[in-house]
$ cat model.txt   # compact mmCIF, C-alpha atoms
# COMPACT_ATOMS: atom_id res chain seq x y z
CA MET A 1 -5.79 -58.16 75.83
CA SER A 2 -8.75 -58.95 78.05
CA LEU A 3 -12.16 -59.44 76.55
CA HIS A 4 -14.67 -56.81 77.66
CA LYS A 5 -17.90 -58.34 78.87
CA PRO A 6 -21.07 -57.13 80.57
CA ALA A 7 -21.50 -57.00 84.32
CA LEU A 8 -24.42 -57.60 86.62
CA PHE A 9 -24.11 -55.36 89.67
CA LEU A 10 -26.13 -56.50 92.69
CA ASP A 11 -26.85 -54.71 95.93
CA ARG A 12 -26.59 -57.11 98.87
CA ASP A 13 -29.24 -56.45 101.55
CA GLY A 14 -32.67 -56.62 99.96
CA VAL A 15 -31.42 -58.21 96.73
CA ILE A 16 -29.15 -61.16 97.57
CA ASN A 17 -30.43 -61.57 101.13
CA LEU A 18 -33.46 -60.41 103.05
CA ASP A 19 -32.86 -56.96 104.52
CA LYS A 20 -33.33 -57.47 108.24
CA GLY A 21 -31.37 -54.34 109.12
CA TYR A 22 -27.58 -54.42 109.43
CA VAL A 23 -27.17 -58.11 108.65
CA SER A 24 -23.73 -59.14 109.89
CA ARG A 25 -24.14 -62.64 111.34
CA ILE A 26 -24.58 -65.92 109.50
CA GLU A 27 -27.61 -66.79 111.61
CA ASP A 28 -29.34 -63.60 110.42
CA PHE A 29 -28.50 -64.09 106.74
CA GLU A 30 -31.30 -65.48 104.59
CA PHE A 31 -30.93 -65.68 100.81
CA ILE A 32 -33.62 -64.08 98.67
CA GLU A 33 -35.43 -66.70 96.62
CA GLY A 34 -33.65 -67.10 93.29
CA ALA A 35 -30.45 -65.23 94.31
CA ALA A 36 -28.04 -68.12 93.70
CA GLU A 37 -29.87 -69.07 90.49
CA THR A 38 -29.56 -65.49 89.22
CA ILE A 39 -25.83 -65.35 89.86
CA ALA A 40 -25.27 -68.79 88.31
CA ALA A 41 -27.31 -67.85 85.22
CA PHE A 42 -25.27 -64.70 84.62
CA ASN A 43 -22.05 -66.64 85.26
CA ALA A 44 -23.17 -69.11 82.58
CA ARG A 45 -23.74 -66.22 80.16
CA GLY A 46 -20.14 -65.13 80.71
CA TRP A 47 -21.03 -61.93 82.59
CA TYR A 48 -19.13 -60.53 85.52
CA VAL A 49 -21.14 -60.48 88.74
CA PHE A 50 -20.28 -57.85 91.33
CA VAL A 51 -21.82 -57.01 94.69
CA VAL A 52 -21.84 -53.30 95.58
CA THR A 53 -23.01 -52.78 99.14
CA ASN A 54 -23.17 -49.91 101.62
CA GLN A 55 -22.18 -51.28 105.03
CA SER A 56 -22.72 -48.33 107.37
CA GLY A 57 -23.16 -50.77 110.26
CA ILE A 58 -19.37 -50.79 110.41
CA ALA A 59 -19.23 -47.00 110.88
CA ARG A 60 -22.06 -47.27 113.41
CA ASN A 61 -20.08 -49.86 115.45
CA TYR A 62 -22.79 -52.51 114.99
CA TYR A 63 -20.19 -54.94 113.61
CA SER A 64 -16.61 -54.92 112.35
CA GLU A 65 -15.16 -55.16 108.87
CA ALA A 66 -13.81 -58.57 109.91
CA ASP A 67 -17.38 -59.66 110.77
CA MET A 68 -18.57 -58.51 107.35
CA HIS A 69 -15.72 -60.30 105.56
CA ALA A 70 -16.49 -63.51 107.47
CA LEU A 71 -20.14 -63.26 106.44
CA HIS A 72 -19.17 -62.62 102.81
CA THR A 73 -16.84 -65.64 102.83
CA TRP A 74 -19.68 -67.80 104.17
CA MET A 75 -22.08 -66.34 101.55
CA GLU A 76 -19.62 -67.05 98.71
CA VAL A 77 -19.17 -70.67 99.88
CA ARG A 78 -22.96 -71.18 99.92
CA LEU A 79 -23.22 -69.64 96.44
CA ALA A 80 -20.40 -71.86 95.15
CA GLU A 81 -22.30 -74.90 96.43
CA ALA A 82 -25.15 -73.76 94.18
CA GLY A 83 -22.82 -73.29 91.20
CA ALA A 84 -22.69 -69.49 91.51
CA HIS A 85 -19.67 -67.19 91.67
CA ILE A 86 -19.26 -63.51 92.54
CA ASP A 87 -16.27 -61.93 90.81
CA ARG A 88 -15.76 -59.35 93.55
CA ILE A 89 -17.61 -57.77 96.46
CA TYR A 90 -17.20 -54.02 96.86
CA HIS A 91 -18.33 -52.48 100.13
CA CYS A 92 -18.44 -49.02 101.67
CA PRO A 93 -18.00 -49.02 105.47
CA TYR A 94 -18.19 -45.22 105.77
CA HIS A 95 -20.97 -42.95 106.98
CA GLU A 96 -20.78 -39.26 107.88
CA GLU A 97 -22.68 -39.86 111.12
CA GLY A 98 -20.83 -43.00 112.16
CA GLU A 99 -19.89 -43.65 115.77
CA ASN A 100 -16.50 -45.09 114.83
CA PRO A 101 -14.09 -42.22 114.03
CA LEU A 102 -12.13 -44.46 111.64
CA TYR A 103 -15.19 -44.70 109.40
CA ARG A 104 -16.94 -41.37 110.11
CA ARG A 105 -16.63 -39.57 106.80
CA ASP A 106 -18.18 -38.99 103.43
CA SER A 107 -17.12 -41.41 100.72
CA PHE A 108 -17.35 -41.47 96.95
CA ASP A 109 -18.06 -45.20 97.34
CA ARG A 110 -21.22 -44.71 99.39
CA LYS A 111 -24.28 -45.08 97.20
CA PRO A 112 -25.92 -43.01 95.74
CA LYS A 113 -22.41 -42.05 94.63
CA PRO A 114 -20.94 -44.31 91.94
CA GLY A 115 -17.51 -45.12 93.42
CA MET A 116 -17.95 -48.88 93.90
CA LEU A 117 -19.30 -49.38 90.39
CA LEU A 118 -16.56 -47.23 88.86
CA ARG A 119 -13.90 -49.18 90.78
CA ALA A 120 -15.29 -52.46 89.45
CA MET A 121 -15.17 -51.08 85.92
CA ALA A 122 -11.57 -49.96 86.49
CA ASP A 123 -10.57 -53.32 88.00
CA PHE A 124 -12.21 -55.47 85.30
CA PRO A 125 -12.75 -55.01 81.54
CA VAL A 126 -16.47 -54.28 81.81
CA LYS A 127 -18.62 -53.52 78.78
CA ARG A 128 -20.46 -50.62 80.43
CA GLU A 129 -23.25 -50.16 77.86
CA SER A 130 -24.30 -53.81 78.23
CA SER A 131 -24.20 -53.83 82.05
CA PHE A 132 -26.86 -53.14 84.65
CA LEU A 133 -27.51 -53.03 88.38
CA ILE A 134 -30.32 -54.53 90.43
CA GLY A 135 -30.96 -52.73 93.70
CA ASP A 136 -33.76 -52.30 96.18
CA LYS A 137 -33.41 -48.57 96.90
CA GLU A 138 -33.40 -45.40 94.85
CA ALA A 139 -29.81 -44.76 96.03
CA ASP A 140 -28.76 -47.92 94.18
CA LEU A 141 -30.35 -46.70 90.95
CA GLU A 142 -28.80 -43.25 91.35
CA ALA A 143 -25.35 -44.84 91.73
CA ALA A 144 -25.93 -46.90 88.58
CA ARG A 145 -26.98 -43.86 86.57
CA ALA A 146 -23.99 -41.87 87.84
CA ALA A 147 -21.70 -44.72 86.76
CA GLY A 148 -23.29 -44.88 83.31
CA VAL A 149 -25.07 -48.21 83.69
CA ALA A 150 -28.77 -49.02 83.79
CA GLY A 151 -30.41 -49.63 87.14
CA PHE A 152 -33.52 -51.62 88.01
CA LEU A 153 -35.53 -51.59 91.24
CA PHE A 154 -36.18 -54.99 92.83
CA THR A 155 -39.13 -54.85 95.22
CA GLY A 156 -39.20 -58.48 96.27
CA GLY A 157 -40.23 -61.89 95.04
CA ASN A 158 -38.02 -64.29 93.13
CA LEU A 159 -34.81 -62.58 92.04
CA ALA A 160 -34.20 -65.03 89.19
CA THR A 161 -37.60 -64.26 87.66
CA PHE A 162 -37.00 -60.52 88.07
CA ALA A 163 -33.47 -60.69 86.62
CA GLU A 164 -34.56 -62.70 83.57
CA TRP A 165 -37.43 -60.31 82.94
CA THR A 166 -35.07 -57.36 83.38
CA LEU A 167 -32.48 -58.84 81.00
CA ALA A 168 -35.11 -59.49 78.33
CA GLY A 169 -36.35 -55.90 78.56
CA PHE A 170 -32.80 -54.56 78.67
CA GLU A 171 -31.89 -56.43 75.50
CA ASP A 172 -35.04 -55.00 73.87
CA GLY A 173 -33.87 -51.48 74.65
CA HIS A 174 -35.33 -50.77 78.12
CA ARG A 175 -32.41 -49.17 79.95
CA GLY A 176 -33.88 -48.60 83.40
$ encode --input "model.txt" --output "structure tokens"
Amino acid sequence: MSLHKPALFLDRDGVINLDKGYVSRIEDFEFIEGAAETIAAFNARGWYVFVVTNQSGIARNYYSEADMHALHTWMEVRLAEAGAHIDRIYHCPYHEEGENPLYRRDSFDRKPKPGMLLRAMADFPVKRESSFLIGDKEADLEAARAAGVAGFLFTGGNLATFAEWTLAGFEDGHRG
């Protein structure tokens, strides 16, 4: 029987990397200060770390799913070099107004809906009540609430400082 453990859910653009608008190329990807340290610290605590990211740029034909996967592979290699590991990246390529007919639709995975978080909790033995999400938009927090986990709004700065402060408050009963 697998041991249930807490999960840290992270949005990608605006939390792990600077949100420069539809980031899909390595040369446009810039880590947020403290991102790798945050992931490594939660790995060391024995938490799962998941990325849950809307990627409507795929539906809008700005880049392909293959482009996104290549970027995520590169990102995971850079994180590994810093001693950090993401357990799984969940993405939603769909958007109702997308240009690409293959991806032009509503999706339960698209935040503010909770699909990606619920899938992670179905795929892994997550201790829901001890888990939380860090996002940079209200849609992220709405998805967290709908999935039954706390959500905290990151507005910039050092992610490691924010995450440690958030964890301390969370453990003291602040649930986002």
$ residues_around --input "model.txt" --residues "stretch 72-83 of chain A" --least-positions-apart "4" --cutoff "8 Å" --atoms "only C-alpha atoms" --output "ChimeraX atom specification"
/A:26,36-37,40,68
$ axis_aligned_box --input "model.txt" --around "stretch 73-90 of chain A" --padding-each-side "5 Å" --output "lines of an AutoDock Vina configuration file"
center_x = -20.5
center_y = -64.5
center_z = 97.5
size_x = 19.4
size_y = 30.9
size_z = 23.4
$ atom_distance --input "model.txt" --atom1 "atom CA of A:Tyr90" --atom2 "atom CA of A:Thr161"
24.6 Å
$ residues_around --input "model.txt" --residues "stretch 132-139 of chain A" --least-positions-apart "5" --cutoff "6 Å" --atoms "only C-alpha atoms" --output "ChimeraX atom specification"
/A:8-11,14,111-112,149-154
$ atom_distance --input "model.txt" --atom1 "atom CA of A:Ala147" --atom2 "atom CA of A:Ile89"
16.8 Å
$ atom_distance --input "model.txt" --atom1 "atom CA of A:Arg88" --atom2 "atom CA of A:Lys5"
14.9 Å
$ residues_near_point --input "model.txt" --point "(-16.8, -38.1, 104.5)" --cutoff "8 Å" --atoms "all atoms listed in the file" --output "PyMOL selection string"
chain A and resi 94-96+104-107
$ write_last_selection --input "model.txt" --atoms "C-alpha atoms" --output "PDB file, in the coordinates of the input"
ATOM      1  CA  TYR A  94     -18.190 -45.220 105.770  1.00  0.00           C
ATOM      2  CA  HIS A  95     -20.970 -42.950 106.980  1.00  0.00           C
ATOM      3  CA  GLU A  96     -20.780 -39.260 107.880  1.00  0.00           C
ATOM      4  CA  ARG A 104     -16.940 -41.370 110.110  1.00  0.00           C
ATOM      5  CA  ARG A 105     -16.630 -39.570 106.800  1.00  0.00           C
ATOM      6  CA  ASP A 106     -18.180 -38.990 103.430  1.00  0.00           C
ATOM      7  CA  SER A 107     -17.120 -41.410 100.720  1.00  0.00           C
TER       8      SER A 107
END
$ residues_around --input "model.txt" --residues "A:Asp28" --least-positions-apart "6" --cutoff "10 Å" --atoms "all atoms listed in the file" --output "PyMOL selection string"
chain A and resi 17-22
$ write_last_selection --input "model.txt" --atoms "C-alpha atoms" --output "PDB file, in the frame of the given file"
ATOM      1  CA  ASN A  17     -30.430 -61.570 101.130  1.00  0.00           C
ATOM      2  CA  LEU A  18     -33.460 -60.410 103.050  1.00  0.00           C
ATOM      3  CA  ASP A  19     -32.860 -56.960 104.520  1.00  0.00           C
ATOM      4  CA  LYS A  20     -33.330 -57.470 108.240  1.00  0.00           C
ATOM      5  CA  GLY A  21     -31.370 -54.340 109.120  1.00  0.00           C
ATOM      6  CA  TYR A  22     -27.580 -54.420 109.430  1.00  0.00           C
TER       7      TYR A  22
END
$ closest_residue --input "model.txt" --among "A:Leu71, A:Ile86, A:Ser131, A:Pro114" --to "A:Glu27" --atoms "all atoms listed in the file"
A:Leu71
$ closest_residue --input "model.txt" --among "A:Phe42, A:Trp165, A:Tyr63, A:Phe50" --to "A:Ser24" --atoms "only C-alpha atoms"
A:Tyr63
$ closest_residue --input "model.txt" --among "A:Ala84, A:Ala120, A:Ala41, A:Val52" --to "A:Val15" --atoms "all atoms listed in the file"
A:Val52
$ closest_residue --input "model.txt" --among "A:Asp109, A:Asp87, A:Glu129, A:Glu99" --to "A:Pro6" --atoms "all atoms listed in the file"
A:Glu129
$ closest_residue --input "model.txt" --among "A:His174, A:Asp13, A:Ser130, A:Gly169" --to "A:Ile32" --atoms "all atoms listed in the file"
A:Asp13
$ residues_around --input "model.txt" --residues "A:Gly98" --least-positions-apart "5" --cutoff "8 Å" --atoms "all atoms listed in the file" --output "list of chain:residue names"
A:Ser56, A:Ala59, A:Arg60, A:Asn61, A:Tyr103, A:Arg104, A:Arg105
$ closest_residue --input "model.txt" --among "A:Ala143, A:Arg25, A:Thr38, A:Glu97" --to "A:Lys113" --atoms "all atoms listed in the file"
A:Ala143
$ residues_around --input "model.txt" --residues "A:His4" --least-positions-apart "2" --cutoff "8 Å" --atoms "only C-alpha atoms" --output "VMD selection string"
chain A and resid 2 6 125 to 127
$ build_atoms --input "model.txt" --residues "stretch 85-96 of chain A" --atoms "all heavy atoms" --output "compact mmCIF listing (two decimals), in the frame of the given file"
# COMPACT_ATOMS: atom_id res chain seq x y z
N HIS A 85 -20.94 -67.83 91.33
CA HIS A 85 -19.67 -67.19 91.67
C HIS A 85 -19.79 -65.67 91.54
O HIS A 85 -20.27 -65.18 90.53
CB HIS A 85 -18.58 -67.69 90.72
CG HIS A 85 -17.31 -66.91 90.80
ND1 HIS A 85 -16.41 -67.04 91.84
CD2 HIS A 85 -16.80 -65.96 89.98
CE1 HIS A 85 -15.40 -66.22 91.63
NE2 HIS A 85 -15.61 -65.54 90.52
N ILE A 86 -19.34 -64.97 92.58
CA ILE A 86 -19.26 -63.51 92.54
C ILE A 86 -17.81 -63.15 92.21
O ILE A 86 -16.88 -63.64 92.86
CB ILE A 86 -19.68 -62.90 93.89
CG1 ILE A 86 -21.16 -63.17 94.15
CG2 ILE A 86 -19.39 -61.40 93.93
CD1 ILE A 86 -21.61 -62.85 95.55
N ASP A 87 -17.63 -62.30 91.22
CA ASP A 87 -16.27 -61.93 90.81
C ASP A 87 -15.59 -61.06 91.86
O ASP A 87 -14.40 -61.23 92.11
CB ASP A 87 -16.29 -61.23 89.45
CG ASP A 87 -16.65 -62.22 88.36
OD1 ASP A 87 -15.77 -63.02 87.99
OD2 ASP A 87 -17.81 -62.22 87.90
N ARG A 88 -16.32 -60.14 92.46
CA ARG A 88 -15.76 -59.35 93.55
C ARG A 88 -16.89 -58.65 94.31
O ARG A 88 -17.89 -58.27 93.71
CB ARG A 88 -14.78 -58.30 93.05
CG ARG A 88 -14.05 -57.60 94.21
CD ARG A 88 -12.80 -56.87 93.82
NE ARG A 88 -11.79 -57.75 93.23
CZ ARG A 88 -10.77 -57.31 92.51
NH1 ARG A 88 -10.60 -56.02 92.30
NH2 ARG A 88 -9.88 -58.15 92.00
N ILE A 89 -16.69 -58.52 95.61
CA ILE A 89 -17.61 -57.77 96.46
C ILE A 89 -16.95 -56.44 96.81
O ILE A 89 -15.83 -56.42 97.32
CB ILE A 89 -17.94 -58.54 97.75
CG1 ILE A 89 -18.60 -59.88 97.42
CG2 ILE A 89 -18.83 -57.70 98.67
CD1 ILE A 89 -18.80 -60.80 98.63
N TYR A 90 -17.64 -55.37 96.49
CA TYR A 90 -17.20 -54.02 96.86
C TYR A 90 -18.12 -53.54 97.98
O TYR A 90 -19.34 -53.69 97.89
CB TYR A 90 -17.29 -53.07 95.66
CG TYR A 90 -16.33 -53.43 94.55
CD1 TYR A 90 -16.68 -54.34 93.55
CD2 TYR A 90 -15.05 -52.87 94.51
CE1 TYR A 90 -15.80 -54.68 92.54
CE2 TYR A 90 -14.16 -53.20 93.49
CZ TYR A 90 -14.54 -54.11 92.52
OH TYR A 90 -13.65 -54.45 91.52
N HIS A 91 -17.51 -52.96 99.01
CA HIS A 91 -18.33 -52.48 100.13
C HIS A 91 -17.86 -51.09 100.54
O HIS A 91 -16.71 -50.72 100.32
CB HIS A 91 -18.25 -53.43 101.32
CG HIS A 91 -16.96 -53.36 102.07
ND1 HIS A 91 -15.80 -53.96 101.61
CD2 HIS A 91 -16.62 -52.75 103.23
CE1 HIS A 91 -14.82 -53.72 102.46
NE2 HIS A 91 -15.29 -52.98 103.47
N CYS A 92 -18.77 -50.34 101.12
CA CYS A 92 -18.44 -49.02 101.67
C CYS A 92 -18.78 -49.03 103.15
O CYS A 92 -19.97 -49.05 103.51
CB CYS A 92 -19.19 -47.91 100.95
SG CYS A 92 -18.78 -46.29 101.64
N PRO A 93 -17.76 -48.99 104.02
CA PRO A 93 -18.00 -49.02 105.47
C PRO A 93 -18.22 -47.64 106.08
O PRO A 93 -18.45 -47.52 107.27
CB PRO A 93 -16.70 -49.63 106.00
CG PRO A 93 -15.66 -49.11 105.06
CD PRO A 93 -16.33 -49.09 103.70
N TYR A 94 -18.18 -46.60 105.25
CA TYR A 94 -18.19 -45.22 105.77
C TYR A 94 -19.59 -44.63 105.87
O TYR A 94 -20.48 -44.96 105.10
CB TYR A 94 -17.33 -44.33 104.87
CG TYR A 94 -15.93 -44.84 104.73
CD1 TYR A 94 -15.51 -45.48 103.57
CD2 TYR A 94 -15.03 -44.73 105.78
CE1 TYR A 94 -14.22 -45.98 103.45
CE2 TYR A 94 -13.74 -45.22 105.69
CZ TYR A 94 -13.35 -45.84 104.52
OH TYR A 94 -12.07 -46.35 104.41
N HIS A 95 -19.74 -43.74 106.84
CA HIS A 95 -20.97 -42.95 106.98
C HIS A 95 -20.61 -41.68 107.74
O HIS A 95 -19.90 -41.74 108.75
CB HIS A 95 -22.05 -43.74 107.73
CG HIS A 95 -23.40 -43.10 107.61
ND1 HIS A 95 -23.77 -42.02 108.37
CD2 HIS A 95 -24.44 -43.40 106.81
CE1 HIS A 95 -25.00 -41.67 108.04
NE2 HIS A 95 -25.43 -42.49 107.10
N GLU A 96 -21.12 -40.56 107.27
CA GLU A 96 -20.78 -39.26 107.88
C GLU A 96 -21.19 -39.15 109.34
O GLU A 96 -20.62 -38.38 110.10
CB GLU A 96 -21.43 -38.12 107.09
CG GLU A 96 -20.80 -37.90 105.75
CD GLU A 96 -21.49 -36.80 104.97
OE1 GLU A 96 -22.74 -36.74 104.97
OE2 GLU A 96 -20.77 -36.00 104.36
